[in-house]
Structures are given as structure tokens and as C-alpha cells.
file upload_10.pdb (PDB, C-alpha atoms)
MODEL        1
ATOM      1  CA  MET A   1      51.746 -29.209 -46.771
ATOM      2  CA  PRO A   2      52.611 -32.806 -47.753
ATOM      3  CA  GLU A   3      52.839 -35.401 -45.005
ATOM      4  CA  VAL A   4      56.312 -36.479 -46.151
ATOM      5  CA  ALA A   5      59.047 -33.825 -46.445
ATOM      6  CA  ILE A   6      61.719 -34.073 -49.143
ATOM      7  CA  VAL A   7      65.255 -32.975 -48.250
ATOM      8  CA  THR A   8      68.280 -32.683 -50.540
ATOM      9  CA  ASP A   9      71.205 -30.354 -51.191
ATOM     10  CA  SER A  10      72.543 -27.927 -53.775
ATOM     11  CA  THR A  11      74.235 -30.568 -55.945
ATOM     12  CA  SER A  12      70.844 -31.754 -57.184
ATOM     13  CA  CYS A  13      71.043 -28.705 -59.520
ATOM     14  CA  ILE A  14      67.254 -28.230 -59.499
ATOM     15  CA  PRO A  15      66.268 -24.759 -60.745
ATOM     16  CA  GLU A  16      65.049 -22.518 -57.938
ATOM     17  CA  PRO A  17      61.461 -22.065 -59.216
ATOM     18  CA  ILE A  18      60.987 -25.849 -59.093
ATOM     19  CA  LEU A  19      62.459 -26.079 -55.588
ATOM     20  CA  ASP A  20      59.924 -23.509 -54.436
ATOM     21  CA  GLU A  21      56.991 -24.950 -56.378
ATOM     22  CA  LEU A  22      57.513 -28.483 -55.049
ATOM     23  CA  ASN A  23      58.370 -27.479 -51.476
ATOM     24  CA  ILE A  24      61.804 -29.114 -51.639
ATOM     25  CA  HIS A  25      64.045 -28.435 -48.645
ATOM     26  CA  TRP A  26      67.766 -28.169 -49.356
ATOM     27  CA  LEU A  27      71.130 -27.358 -47.860
ATOM     28  CA  PRO A  28      74.122 -25.805 -49.653
ATOM     29  CA  TYR A  29      77.474 -27.468 -50.126
ATOM     30  CA  TYR A  30      80.586 -25.485 -49.216
ATOM     31  CA  ILE A  31      83.353 -24.258 -51.508
ATOM     32  CA  HIS A  32      86.655 -23.288 -49.901
ATOM     33  CA  ARG A  33      88.499 -20.853 -52.165
ATOM     34  CA  GLY A  34      91.717 -20.116 -50.348
ATOM     35  CA  GLU A  35      90.700 -18.606 -47.017
ATOM     36  CA  GLU A  36      87.239 -17.808 -48.328
ATOM     37  CA  GLU A  37      84.290 -20.082 -47.491
ATOM     38  CA  LEU A  38      81.464 -19.926 -49.996
ATOM     39  CA  ARG A  39      78.009 -21.494 -49.724
ATOM     40  CA  ASP A  40      76.931 -23.138 -52.955
ATOM     41  CA  LEU A  41      74.110 -21.194 -54.673
ATOM     42  CA  VAL A  42      73.811 -18.910 -51.649
ATOM     43  CA  THR A  43      76.951 -16.748 -51.517
ATOM     44  CA  ILE A  44      78.265 -17.808 -54.921
ATOM     45  CA  ARG A  45      76.282 -18.056 -58.152
ATOM     46  CA  PRO A  46      77.189 -20.144 -61.230
ATOM     47  CA  GLU A  47      77.959 -17.320 -63.685
ATOM     48  CA  GLU A  48      80.280 -15.533 -61.265
ATOM     49  CA  PHE A  49      81.979 -18.753 -60.188
ATOM     50  CA  TYR A  50      82.663 -20.123 -63.672
ATOM     51  CA  THR A  51      84.083 -16.799 -64.848
ATOM     52  CA  TRP A  52      86.554 -16.953 -61.975
ATOM     53  CA  LEU A  53      87.279 -20.675 -62.409
ATOM     54  CA  GLN A  54      88.700 -20.134 -65.899
ATOM     55  CA  THR A  55      91.566 -18.199 -64.301
ATOM     56  CA  ALA A  56      92.127 -20.468 -61.292
ATOM     57  CA  GLU A  57      95.538 -22.112 -60.922
ATOM     58  CA  THR A  58      94.360 -24.496 -58.229
ATOM     59  CA  LEU A  59      90.895 -25.865 -57.628
ATOM     60  CA  PRO A  60      88.860 -24.866 -54.594
ATOM     61  CA  GLN A  61      87.965 -27.609 -52.153
ATOM     62  CA  THR A  62      84.338 -28.622 -51.756
ATOM     63  CA  ALA A  63      82.582 -30.058 -48.726
ATOM     64  CA  CYS A  64      79.107 -31.397 -48.105
ATOM     65  CA  PRO A  65      76.892 -30.151 -45.277
ATOM     66  CA  GLY A  66      77.781 -31.765 -41.974
ATOM     67  CA  PRO A  67      75.623 -34.077 -39.856
ATOM     68  CA  GLY A  68      74.693 -31.169 -37.596
ATOM     69  CA  GLU A  69      73.194 -29.244 -40.502
ATOM     70  CA  TYR A  70      71.067 -32.177 -41.621
ATOM     71  CA  LEU A  71      70.065 -32.747 -37.994
ATOM     72  CA  SER A  72      68.940 -29.122 -37.680
ATOM     73  CA  MET A  73      66.954 -29.416 -40.903
ATOM     74  CA  TYR A  74      65.198 -32.603 -39.782
ATOM     75  CA  GLU A  75      64.466 -31.159 -36.338
ATOM     76  CA  LYS A  76      63.087 -27.915 -37.773
ATOM     77  CA  LEU A  77      60.770 -29.777 -40.154
ATOM     78  CA  ALA A  78      59.435 -31.871 -37.290
ATOM     79  CA  THR A  79      59.062 -29.213 -34.600
ATOM     80  CA  GLU A  80      58.063 -26.170 -36.695
ATOM     81  CA  ASP A  81      56.229 -27.768 -39.619
ATOM     82  CA  GLY A  82      54.762 -30.801 -37.880
ATOM     83  CA  ILE A  83      56.424 -33.251 -40.279
ATOM     84  CA  GLU A  84      56.479 -36.873 -39.140
ATOM     85  CA  GLU A  85      58.328 -38.468 -42.083
ATOM     86  CA  ILE A  86      61.288 -37.298 -44.185
ATOM     87  CA  VAL A  87      62.985 -38.675 -47.285
ATOM     88  CA  SER A  88      66.535 -37.301 -47.548
ATOM     89  CA  ILE A  89      67.997 -37.759 -51.046
ATOM     90  CA  HIS A  90      71.695 -37.402 -51.894
ATOM     91  CA  MET A  91      74.281 -37.690 -54.651
ATOM     92  CA  THR A  92      76.376 -40.818 -55.031
ATOM     93  CA  SER A  93      78.062 -41.858 -51.795
ATOM     94  CA  LYS A  94      81.097 -42.797 -53.921
ATOM     95  CA  GLY A  95      81.733 -39.152 -54.744
ATOM     96  CA  SER A  96      80.625 -37.246 -51.654
ATOM     97  CA  GLY A  97      80.125 -37.605 -47.910
ATOM     98  CA  ALA A  98      76.593 -36.168 -47.936
ATOM     99  CA  TYR A  99      74.886 -39.555 -47.768
ATOM    100  CA  GLN A 100      76.963 -40.570 -44.757
ATOM    101  CA  ALA A 101      76.470 -37.183 -43.072
ATOM    102  CA  ALA A 102      72.700 -37.515 -43.493
ATOM    103  CA  HIS A 103      72.844 -41.068 -42.153
ATOM    104  CA  THR A 104      74.671 -39.837 -39.069
ATOM    105  CA  ALA A 105      72.007 -37.146 -38.609
ATOM    106  CA  GLN A 106      69.349 -39.835 -38.986
ATOM    107  CA  ASP A 107      70.885 -41.717 -36.055
ATOM    108  CA  MET A 108      71.188 -38.534 -34.004
ATOM    109  CA  ILE A 109      67.578 -37.456 -34.514
ATOM    110  CA  LYS A 110      66.348 -40.750 -33.079
ATOM    111  CA  GLU A 111      67.709 -39.659 -29.705
ATOM    112  CA  ILE A 112      65.906 -36.321 -29.885
ATOM    113  CA  LEU A 113      62.680 -37.168 -31.723
ATOM    114  CA  PRO A 114      62.218 -40.943 -31.631
ATOM    115  CA  ASP A 115      58.868 -40.789 -33.465
ATOM    116  CA  LEU A 116      60.291 -38.947 -36.480
ATOM    117  CA  VAL A 117      60.938 -41.306 -39.413
ATOM    118  CA  VAL A 118      63.864 -40.380 -41.681
ATOM    119  CA  LYS A 119      64.827 -42.412 -44.739
ATOM    120  CA  VAL A 120      68.194 -41.526 -46.327
ATOM    121  CA  VAL A 121      68.649 -42.444 -50.003
ATOM    122  CA  ASP A 122      71.870 -42.821 -52.007
ATOM    123  CA  THR A 123      70.983 -42.063 -55.648
ATOM    124  CA  LEU A 124      74.317 -43.376 -57.005
ATOM    125  CA  ASN A 125      74.012 -40.411 -59.348
ATOM    126  CA  VAL A 126      74.862 -36.736 -59.625
ATOM    127  CA  SER A 127      73.535 -33.480 -61.030
ATOM    128  CA  MET A 128      70.019 -33.564 -62.472
ATOM    129  CA  CYS A 129      69.937 -37.375 -62.396
ATOM    130  CA  HIS A 130      69.923 -36.896 -58.640
ATOM    131  CA  GLY A 131      67.646 -33.909 -59.237
ATOM    132  CA  TRP A 132      65.029 -35.853 -61.198
ATOM    133  CA  MET A 133      64.696 -38.298 -58.315
ATOM    134  CA  VAL A 134      64.177 -35.414 -55.909
ATOM    135  CA  ILE A 135      61.589 -33.820 -58.209
ATOM    136  CA  GLU A 136      59.599 -37.025 -58.649
ATOM    137  CA  ALA A 137      59.789 -37.724 -54.915
ATOM    138  CA  ALA A 138      58.489 -34.229 -54.153
ATOM    139  CA  ARG A 139      55.650 -34.606 -56.640
ATOM    140  CA  ALA A 140      54.708 -37.923 -55.076
ATOM    141  CA  ALA A 141      54.750 -36.328 -51.626
ATOM    142  CA  LEU A 142      52.464 -33.513 -52.803
ATOM    143  CA  ASP A 143      50.146 -36.174 -54.233
ATOM    144  CA  GLY A 144      49.866 -37.722 -50.777
ATOM    145  CA  LYS A 145      51.975 -40.825 -51.435
ATOM    146  CA  SER A 146      53.390 -42.689 -48.451
ATOM    147  CA  LEU A 147      57.070 -42.704 -47.509
ATOM    148  CA  THR A 148      57.342 -46.292 -48.753
ATOM    149  CA  GLU A 149      55.764 -45.404 -52.109
ATOM    150  CA  ILE A 150      58.105 -42.432 -52.500
ATOM    151  CA  VAL A 151      61.220 -44.472 -51.721
ATOM    152  CA  ASP A 152      60.044 -47.216 -54.079
ATOM    153  CA  ARG A 153      59.716 -44.641 -56.849
ATOM    154  CA  ILE A 154      63.285 -43.433 -56.311
ATOM    155  CA  THR A 155      64.542 -47.011 -56.175
ATOM    156  CA  GLU A 156      62.943 -47.688 -59.566
ATOM    157  CA  MET A 157      64.667 -44.648 -61.041
ATOM    158  CA  ILE A 158      68.198 -45.279 -59.754
ATOM    159  CA  PRO A 159      69.272 -47.927 -62.314
ATOM    160  CA  VAL A 160      67.675 -46.236 -65.343
ATOM    161  CA  THR A 161      68.436 -42.542 -64.766
ATOM    162  CA  ARG A 162      71.568 -41.675 -66.706
ATOM    163  CA  MET A 163      73.993 -38.816 -67.276
ATOM    164  CA  LEU A 164      75.985 -38.055 -70.418
ATOM    165  CA  GLN A 165      78.200 -35.004 -70.657
ATOM    166  CA  THR A 166      81.211 -33.605 -72.421
ATOM    167  CA  ALA A 167      83.739 -30.818 -71.998
ATOM    168  CA  ASP A 168      86.841 -29.544 -73.734
ATOM    169  CA  THR A 169      89.028 -31.097 -71.062
ATOM    170  CA  LEU A 170      89.024 -33.596 -68.212
ATOM    171  CA  LYS A 171      91.535 -31.414 -66.358
ATOM    172  CA  TYR A 172      89.075 -30.347 -63.687
ATOM    173  CA  LEU A 173      87.836 -33.865 -62.942
ATOM    174  CA  TYR A 174      91.425 -35.048 -62.744
ATOM    175  CA  MET A 175      92.593 -32.174 -60.520
ATOM    176  CA  GLY A 176      89.624 -32.673 -58.231
ATOM    177  CA  GLY A 177      90.135 -36.421 -57.891
ATOM    178  CA  ARG A 178      86.678 -37.220 -59.336
ATOM    179  CA  ILE A 179      87.897 -38.902 -62.509
ATOM    180  CA  GLY A 180      86.778 -42.435 -61.558
ATOM    181  CA  ARG A 181      87.386 -44.998 -64.296
ATOM    182  CA  ALA A 182      87.858 -42.316 -66.981
ATOM    183  CA  LYS A 183      91.425 -41.630 -65.827
ATOM    184  CA  HIS A 184      92.961 -43.324 -68.865
ATOM    185  CA  LEU A 185      91.632 -40.546 -71.106
ATOM    186  CA  VAL A 186      93.624 -37.794 -69.389
ATOM    187  CA  GLY A 187      96.627 -36.620 -71.378
ATOM    188  CA  SER A 188      95.674 -38.511 -74.523
ATOM    189  CA  LEU A 189      92.774 -36.476 -75.817
ATOM    190  CA  LEU A 190      94.502 -33.659 -77.675
ATOM    191  CA  ASN A 191      91.605 -32.231 -79.693
ATOM    192  CA  LEU A 192      89.158 -35.007 -78.851
ATOM    193  CA  LYS A 193      86.053 -34.358 -76.761
ATOM    194  CA  PRO A 194      85.526 -36.843 -73.928
ATOM    195  CA  LEU A 195      82.086 -38.279 -73.300
ATOM    196  CA  ILE A 196      81.530 -39.373 -69.714
ATOM    197  CA  GLY A 197      78.721 -40.927 -67.735
ATOM    198  CA  MET A 198      78.216 -42.748 -64.455
ATOM    199  CA  GLU A 199      78.124 -46.428 -63.679
ATOM    200  CA  ASP A 200      77.315 -47.713 -60.211
ATOM    201  CA  GLY A 201      77.974 -44.250 -58.784
ATOM    202  CA  ILE A 202      81.405 -43.756 -60.397
ATOM    203  CA  VAL A 203      82.447 -41.549 -63.322
ATOM    204  CA  VAL A 204      83.202 -43.654 -66.414
ATOM    205  CA  ALA A 205      84.343 -42.929 -69.962
ATOM    206  CA  VAL A 206      81.723 -43.756 -72.576
ATOM    207  CA  GLY A 207      83.485 -42.487 -75.690
ATOM    208  CA  THR A 208      85.348 -39.705 -77.444
ATOM    209  CA  ALA A 209      84.407 -37.465 -80.342
ATOM    210  CA  ARG A 210      86.323 -35.149 -82.647
ATOM    211  CA  SER A 211      83.993 -32.206 -82.088
ATOM    212  CA  ARG A 212      81.318 -31.052 -79.707
ATOM    213  CA  ARG A 213      78.689 -31.578 -82.389
ATOM    214  CA  GLN A 214      79.783 -35.175 -82.811
ATOM    215  CA  ALA A 215      79.789 -35.637 -79.026
ATOM    216  CA  TYR A 216      76.209 -34.351 -78.861
ATOM    217  CA  GLN A 217      75.151 -36.685 -81.665
ATOM    218  CA  MET A 218      76.737 -39.575 -79.762
ATOM    219  CA  MET A 219      74.704 -38.597 -76.695
ATOM    220  CA  VAL A 220      71.469 -38.797 -78.673
ATOM    221  CA  GLU A 221      72.464 -42.138 -80.191
ATOM    222  CA  LYS A 222      73.257 -43.569 -76.766
ATOM    223  CA  VAL A 223      69.905 -42.440 -75.379
ATOM    224  CA  GLU A 224      68.121 -43.801 -78.450
ATOM    225  CA  SER A 225      69.889 -47.160 -78.062
ATOM    226  CA  VAL A 226      68.355 -47.430 -74.589
ATOM    227  CA  VAL A 227      64.820 -46.126 -75.186
ATOM    228  CA  GLY A 228      64.344 -46.833 -78.898
ATOM    229  CA  GLN A 229      63.365 -44.531 -81.754
ATOM    230  CA  LYS A 230      61.023 -41.815 -80.522
ATOM    231  CA  GLY A 231      61.318 -43.332 -77.042
ATOM    232  CA  LYS A 232      59.704 -41.331 -74.236
ATOM    233  CA  ILE A 233      62.004 -39.586 -71.781
ATOM    234  CA  LYS A 234      62.201 -36.814 -69.234
ATOM    235  CA  VAL A 235      65.444 -34.905 -69.702
ATOM    236  CA  ALA A 236      67.415 -32.057 -68.182
ATOM    237  CA  TYR A 237      70.010 -30.252 -70.273
ATOM    238  CA  VAL A 238      72.749 -29.329 -67.827
ATOM    239  CA  HIS A 239      75.668 -26.972 -68.357
ATOM    240  CA  ALA A 240      78.415 -24.959 -66.694
ATOM    241  CA  ALA A 241      78.421 -21.501 -68.283
ATOM    242  CA  ALA A 242      77.473 -23.093 -71.614
ATOM    243  CA  ALA A 243      73.777 -22.377 -72.116
ATOM    244  CA  GLU A 244      74.159 -22.189 -75.903
ATOM    245  CA  GLU A 245      75.696 -25.674 -75.929
ATOM    246  CA  ALA A 246      72.802 -27.010 -73.846
ATOM    247  CA  GLU A 247      70.404 -25.600 -76.440
ATOM    248  CA  LYS A 248      72.279 -27.449 -79.199
ATOM    249  CA  ILE A 249      71.885 -30.725 -77.325
ATOM    250  CA  LYS A 250      68.209 -29.965 -76.770
ATOM    251  CA  GLU A 251      67.634 -29.433 -80.492
ATOM    252  CA  LEU A 252      69.239 -32.772 -81.397
ATOM    253  CA  VAL A 253      67.456 -34.725 -78.662
ATOM    254  CA  GLU A 254      63.998 -33.370 -79.365
ATOM    255  CA  ALA A 255      64.307 -34.069 -83.095
ATOM    256  CA  ARG A 256      64.752 -37.796 -82.470
ATOM    257  CA  LEU A 257      63.103 -38.651 -79.153
ATOM    258  CA  THR A 258      59.738 -38.082 -77.504
ATOM    259  CA  VAL A 259      60.465 -35.622 -74.719
ATOM    260  CA  VAL A 260      57.628 -35.612 -72.198
ATOM    261  CA  GLU A 261      59.262 -33.039 -69.928
ATOM    262  CA  SER A 262      62.477 -31.057 -70.180
ATOM    263  CA  LEU A 263      64.338 -28.281 -68.442
ATOM    264  CA  ILE A 264      67.688 -26.515 -68.642
ATOM    265  CA  ALA A 265      69.752 -26.375 -65.459
ATOM    266  CA  ASP A 266      73.040 -24.850 -64.356
ATOM    267  CA  LEU A 267      75.562 -27.167 -62.790
ATOM    268  CA  SER A 268      75.933 -25.899 -59.248
ATOM    269  CA  PRO A 269      79.426 -24.509 -58.510
ATOM    270  CA  ALA A 270      80.077 -27.356 -56.053
ATOM    271  CA  LEU A 271      79.750 -29.806 -58.965
ATOM    272  CA  GLY A 272      81.064 -27.560 -61.729
ATOM    273  CA  VAL A 273      84.358 -27.050 -59.937
ATOM    274  CA  HIS A 274      85.116 -30.677 -60.844
ATOM    275  CA  THR A 275      83.991 -30.556 -64.488
ATOM    276  CA  GLY A 276      84.970 -27.013 -65.412
ATOM    277  CA  PRO A 277      83.313 -24.219 -67.388
ATOM    278  CA  GLY A 278      82.049 -25.238 -70.804
ATOM    279  CA  THR A 279      80.683 -28.579 -69.644
ATOM    280  CA  ALA A 280      77.371 -29.516 -71.264
ATOM    281  CA  GLY A 281      75.277 -32.654 -71.245
ATOM    282  CA  LEU A 282      72.020 -34.259 -70.306
ATOM    283  CA  CYS A 283      70.428 -36.229 -67.493
ATOM    284  CA  TYR A 284      67.468 -38.375 -68.475
ATOM    285  CA  TYR A 285      65.298 -41.313 -67.580
ATOM    286  CA  PRO A 286      62.938 -43.360 -69.764
ATOM    287  CA  LEU A 287      59.191 -43.472 -69.267
ATOM    288  CA  ARG A 288      57.238 -46.693 -69.501
ATOM    289  CA  ASP A 289      54.128 -46.815 -71.675
TER     290      ASP A 289
ENDMDL
END
call {"tool": "encode", "arguments": {"input": "upload_10.pdb", "output": "C-alpha cells"}}
result
Amino acid sequence: MPEVAIVTDSTSCIPEPILDELNIHWLPYYIHRGEEELRDLVTIRPEEFYTWLQTAETLPQTACPGPGEYLSMYEKLATEDGIEEIVSIHMTSKGSGAYQAAHTAQDMIKEILPDLVVKVVDTLNVSMCHGWMVIEAARAALDGKSLTEIVDRITEMIPVTRMLQTADTLKYLYMGGRIGRAKHLVGSLLNLKPLIGMEDGIVVAVGTARSRRQAYQMMVEKVESVVGQKGKIKVAYVHAAAAEEAEKIKELVEARLTVVESLIADLSPALGVHTGPGTAGLCYYPLRD
């Protein structure tokens, strides 16, 4: 058992075997589909959800875990597992209330367990960009690194960990109010494929392509422009019911870059509701020599 516990939530999109292997503690988001309340990755799975979403006339509402749920998690780790320090890692505070909910729980736990140290981190990222930070934090914890060393590692990753993704439409982002500064693309795309990323925690447009293949090539070029030819990266190929598309991106990336570690991950339904089925992309960060 590591001395520092790592806490996150379902929007990190980390595959379950890795969550188990690295002893990562997580809470599910909520999806409200009419009168039905679903728990992300617990009572609803990606394949089932994306099949249904293609027929939906209105988008479900999503909600992060509340302060009480984070409080219960922190308290359980301290009282049952003997944990004295926790790093709680969350998606961009500009797109979700999870960071603030965890902060509130951090304040509440001080009244109950004043010796428990909780550090809440805003990744300013989503999906497996957020997930990579959780993974590296968990590995550092298992290696016996201190809370300060773990937080420093995440802080180093925040400005250089980047997402690029595309879909056939921005309809879902627009309907869900998560369009950020890419709003100007809505309604003008016709047959173009939008390429989006994140900047300072907000969704931004980074280009358009005339086909998915061209969009994927643009992704590789953008990564290469940052890390250089054969630059070293860790990368996650992320998709919403589009595993074949993720494989196409993987093939292009690994032909031109030095991939030190890679994985393929489903977008969790709580995130995929905003991007829609068919979304595919990558989340990566460069490695220093």
C-alpha cells in the first residue's frame, strides 16, 4: 500500500485493468437520462450508451460527484486503509464542478480528521490527458514518492499534455454547452471534420479537414510540430464507439513518432455525451531525453 493515495473520477477514462493495477481510487459521474439516474461506468457502459445516444433527441444531463461523496472517499481511505495523505486529481474546473466539489470536501475533512492531508489538483484537461496525470501520480505513489513530489510531477505535465480529437459533428458539444471557443465552427462545417483541442482548460478549434483520414494526419503533424521528428511520447488513443478509428490514428502516429507507451481507451459516457459517438482522437505528452 502506497503512503499517498490517488483519487480521481470516471472522466479520467483510464481502462479498468490500470485502475486496479495502480490502486487508483475513483468515483463515478452521474448521467440523468430523463427520470433515470445512471452512474458512469457502473450502471451504464460505453457501448450500450453510445448505441442509445445515436437515437437521442435531447442530451442527458451530467453531474460530478458531490462534496459528500469525495468526503466519504477521503474518510474511508484514512480510517480503513490508514492513509495519511491524498492527492485528488480532477478534470478542468472550467468544464466541470468536480474540482470545486473536491475542494469543499477537503475543507470538510479538516474538521473530522485534521491530520489528514488532502491536495486537490485541477488538471485543466479532460479525458486521458487527465488520465495520464492520474496514472503517473499513481506510479509515483507506488514508488514511494512524497505528496510534494507527486504534485510537482502533475504540475509539470499540465502545460504539455495535450488532446486532439475529431468527430463527424460538433452537435453534441454545442447541445451540451461544452463548445468553448470552437463555437464559430458550428453550422459551417458541412462535410468538413472539425479538429478540436484544449487551451487553458477550454475547448478550442485547432483546424478542419475534408476527411477523417486528413484529420488524423493533421493530428500527427501537430504532435510532430511539438515534439519533433521521431519525438518520444506517451499516448492514449481515445474513442467513443469508434475503436477502428482509434486504430487508424495509432497506425499513423506510430509510423512517425517514438511511442514509449500507448493504450486505447473508451471515452466514458459522462464525457462522450458531449462529443457524441464516432469521436476519435489522442491524448499525449512528450518525454524529455
call {"tool": "resolve_selection", "arguments": {"input": "upload_10.pdb", "expression": "the PyMOL selection byres ((chain A and resi 106) around 10)", "output": "PyMOL selection string"}}
result
chain A and resi 67+70-71+74+86+88+100-105+107-111+116-120
call {"tool": "axis_aligned_box", "arguments": {"input": "upload_10.pdb", "around": "range 265-271 of chain A", "padding_each_side": "6 Å", "output": "lines of an AutoDock Vina configuration file"}}
result
center_x = 74.9
center_y = -27.2
center_z = -60.8
size_x = 22.3
size_y = 17.3
size_z = 21.4
call {"tool": "atom_distance", "arguments": {"input": "upload_10.pdb", "atom1": "CA of Thr166 in chain A", "atom2": "CA of Glu261 in chain A"}}
result
22.1 Å
call {"tool": "resolve_selection", "arguments": {"input": "upload_10.pdb", "expression": "the PyMOL selection byres ((chain A and resi 246) around 9)", "output": "mmCIF file with C-alpha atoms, in the coordinates of the input"}}
result
data_model
loop_
_atom_site.group_PDB
_atom_site.id
_atom_site.type_symbol
_atom_site.label_atom_id
_atom_site.label_comp_id
_atom_site.auth_asym_id
_atom_site.auth_seq_id
_atom_site.Cartn_x
_atom_site.Cartn_y
_atom_site.Cartn_z
ATOM 1 C CA TYR A 237 70.010 -30.252 -70.273
ATOM 2 C CA VAL A 238 72.749 -29.329 -67.827
ATOM 3 C CA HIS A 239 75.668 -26.972 -68.357
ATOM 4 C CA ALA A 242 77.473 -23.093 -71.614
ATOM 5 C CA ALA A 243 73.777 -22.377 -72.116
ATOM 6 C CA GLU A 244 74.159 -22.189 -75.903
ATOM 7 C CA GLU A 245 75.696 -25.674 -75.929
ATOM 8 C CA GLU A 247 70.404 -25.600 -76.440
ATOM 9 C CA LYS A 248 72.279 -27.449 -79.199
ATOM 10 C CA ILE A 249 71.885 -30.725 -77.325
ATOM 11 C CA LYS A 250 68.209 -29.965 -76.770
ATOM 12 C CA GLU A 251 67.634 -29.433 -80.492
ATOM 13 C CA ILE A 264 67.688 -26.515 -68.642
ATOM 14 C CA ALA A 265 69.752 -26.375 -65.459
ATOM 15 C CA ALA A 280 77.371 -29.516 -71.264
ATOM 16 C CA GLY A 281 75.277 -32.654 -71.245
ATOM 17 C CA LEU A 282 72.020 -34.259 -70.306
#
call {"tool": "atom_distance", "arguments": {"input": "upload_10.pdb", "atom1": "CA of Ile202 in chain A", "atom2": "CA of Ser93 in chain A"}}
result
9.4 Å
call {"tool": "closest_residue", "arguments": {"input": "upload_10.pdb", "among": "A:Val4, A:Ile135, A:Val227, A:Arg210", "to": "Thr148 in chain A", "atoms": "only C-alpha atoms"}}
result
A:Val4
call {"tool": "residues_near_point", "arguments": {"input": "upload_10.pdb", "point": "(60.9, -47.7, -76.6)", "cutoff": "10 Å", "atoms": "only C-alpha atoms", "output": "PyMOL selection string"}}
result
chain A and resi 224-233+257-258+286-289
call {"tool": "closest_residue", "arguments": {"input": "upload_10.pdb", "among": "A:Pro2, A:Gly144, A:Pro65, A:Gly131", "to": "Glu84 in chain A", "atoms": "all atoms listed in the file"}}
result
A:Pro2
call {"tool": "closest_residue", "arguments": {"input": "upload_10.pdb", "among": "A:Val273, A:Val134, A:Val151, A:Leu164", "to": "Ile18 in chain A", "atoms": "only C-alpha atoms"}}
result
A:Val134
call {"tool": "closest_residue", "arguments": {"input": "upload_10.pdb", "among": "A:Gln54, A:Gly82, A:Leu113, A:Glu136", "to": "Ile150 in chain A", "atoms": "only C-alpha atoms"}}
result
A:Glu136
call {"tool": "residues_around", "arguments": {"input": "upload_10.pdb", "residues": "Gly95 in chain A", "least_positions_apart": "3", "cutoff": "9 Å", "atoms": "only C-alpha atoms", "output": "list in words"}}
result
Met91, Thr92, Leu124, Val126, Arg178, Gly201, Ile202 and Val203 of chain A
call {"tool": "resolve_selection", "arguments": {"input": "upload_10.pdb", "expression": "the PyMOL selection byres ((chain A and resi 141-143) around 9)", "output": "PDB file with C-alpha atoms, in the frame of the given file"}}
result
ATOM      1  CA  MET A   1      51.746 -29.209 -46.771  1.00  0.00           C
ATOM      2  CA  PRO A   2      52.611 -32.806 -47.753  1.00  0.00           C
ATOM      3  CA  GLU A   3      52.839 -35.401 -45.005  1.00  0.00           C
ATOM      4  CA  VAL A   4      56.312 -36.479 -46.151  1.00  0.00           C
ATOM      5  CA  ALA A   5      59.047 -33.825 -46.445  1.00  0.00           C
ATOM      6  CA  ILE A   6      61.719 -34.073 -49.143  1.00  0.00           C
ATOM      7  CA  LEU A  22      57.513 -28.483 -55.049  1.00  0.00           C
ATOM      8  CA  ASN A  23      58.370 -27.479 -51.476  1.00  0.00           C
ATOM      9  CA  GLU A 136      59.599 -37.025 -58.649  1.00  0.00           C
ATOM     10  CA  ALA A 137      59.789 -37.724 -54.915  1.00  0.00           C
ATOM     11  CA  ALA A 138      58.489 -34.229 -54.153  1.00  0.00           C
ATOM     12  CA  ARG A 139      55.650 -34.606 -56.640  1.00  0.00           C
ATOM     13  CA  ALA A 140      54.708 -37.923 -55.076  1.00  0.00           C
ATOM     14  CA  GLY A 144      49.866 -37.722 -50.777  1.00  0.00           C
ATOM     15  CA  LYS A 145      51.975 -40.825 -51.435  1.00  0.00           C
ATOM     16  CA  SER A 146      53.390 -42.689 -48.451  1.00  0.00           C
ATOM     17  CA  LEU A 147      57.070 -42.704 -47.509  1.00  0.00           C
ATOM     18  CA  ILE A 150      58.105 -42.432 -52.500  1.00  0.00           C
TER      19      ILE A 150
END
call {"tool": "closest_residue", "arguments": {"input": "upload_10.pdb", "among": "A:Tyr99, A:Tyr216, A:Tyr50, A:Tyr29", "to": "Cys13 in chain A", "atoms": "all atoms listed in the file"}}
result
A:Tyr29
call {"tool": "closest_residue", "arguments": {"input": "upload_10.pdb", "among": "A:Ala78, A:Ala98, A:Ala205, A:Glu47", "to": "Gly66 in chain A", "atoms": "all atoms listed in the file"}}
result
A:Ala98
call {"tool": "atom_distance", "arguments": {"input": "upload_10.pdb", "atom1": "CA of Arg33 in chain A", "atom2": "CA of Pro60 in chain A"}}
result
4.7 Å
call {"tool": "residues_near_point", "arguments": {"input": "upload_10.pdb", "point": "(65.4, -43.5, -60.3)", "cutoff": "8 Å", "atoms": "only C-alpha atoms", "output": "list of chain:residue names"}}
result
A:Thr123, A:Cys129, A:Trp132, A:Met133, A:Arg153, A:Ile154, A:Thr155, A:Glu156, A:Met157, A:Ile158, A:Pro159, A:Val160, A:Thr161, A:Tyr285
call {"tool": "residues_around", "arguments": {"input": "upload_10.pdb", "residues": "Pro277 in chain A", "least_positions_apart": "5", "cutoff": "10 Å", "atoms": "only C-alpha atoms", "output": "PyMOL selection string"}}
result
chain A and resi 46-47+49-54+167-169+172+239-242+267+269+272
call {"tool": "residues_around", "arguments": {"input": "upload_10.pdb", "residues": "Ala63 in chain A", "least_positions_apart": "5", "cutoff": "10 Å", "atoms": "all atoms listed in the file", "output": "list in words"}}
result
Pro28, Tyr29, Tyr30, Ile31, His32, Arg39, Asp40, Ser96, Gly97, Ala98 and Ala270 of chain A
call {"tool": "residues_around", "arguments": {"input": "upload_10.pdb", "residues": "His25 in chain A", "least_positions_apart": "3", "cutoff": "9 Å", "atoms": "only C-alpha atoms", "output": "list in words"}}
result
Ala5, Ile6, Val7, Thr8, Asp9, Leu19, Asp20 and Met73 of chain A
call {"tool": "write_last_selection", "arguments": {"input": "upload_10.pdb", "atoms": "C-alpha atoms", "output": "PDB file, keeping the file's coordinate frame"}}
result
ATOM      1  CA  ALA A   5      59.047 -33.825 -46.445  1.00  0.00           C
ATOM      2  CA  ILE A   6      61.719 -34.073 -49.143  1.00  0.00           C
ATOM      3  CA  VAL A   7      65.255 -32.975 -48.250  1.00  0.00           C
ATOM      4  CA  THR A   8      68.280 -32.683 -50.540  1.00  0.00           C
ATOM      5  CA  ASP A   9      71.205 -30.354 -51.191  1.00  0.00           C
ATOM      6  CA  LEU A  19      62.459 -26.079 -55.588  1.00  0.00           C
ATOM      7  CA  ASP A  20      59.924 -23.509 -54.436  1.00  0.00           C
ATOM      8  CA  MET A  73      66.954 -29.416 -40.903  1.00  0.00           C
TER       9      MET A  73
END
call {"tool": "decode", "arguments": {"input": "upload_10.pdb", "residues": "range 58-62 of chain A", "atoms": "N, CA and C atoms", "output": "CSV table (one decimal), in the first residue's frame"}}
result
chain,number,residue,atom,x,y,z
A,58,THR,N,-32.7,14.6,-27.2
A,58,THR,CA,-32.2,15.6,-26.3
A,58,THR,C,-31.0,14.9,-25.5
A,59,LEU,N,-30.0,15.7,-25.1
A,59,LEU,CA,-28.9,15.1,-24.4
A,59,LEU,C,-29.3,14.9,-23.0
A,60,PRO,N,-28.8,13.8,-22.4
A,60,PRO,CA,-28.9,13.7,-20.9
A,60,PRO,C,-28.0,14.8,-20.2
A,61,GLN,N,-28.3,15.0,-19.0
A,61,GLN,CA,-27.6,15.9,-18.2
A,61,GLN,C,-26.5,15.1,-17.4
A,62,THR,N,-25.4,15.7,-17.2
A,62,THR,CA,-24.3,15.0,-16.4
A,62,THR,C,-24.0,15.8,-15.2
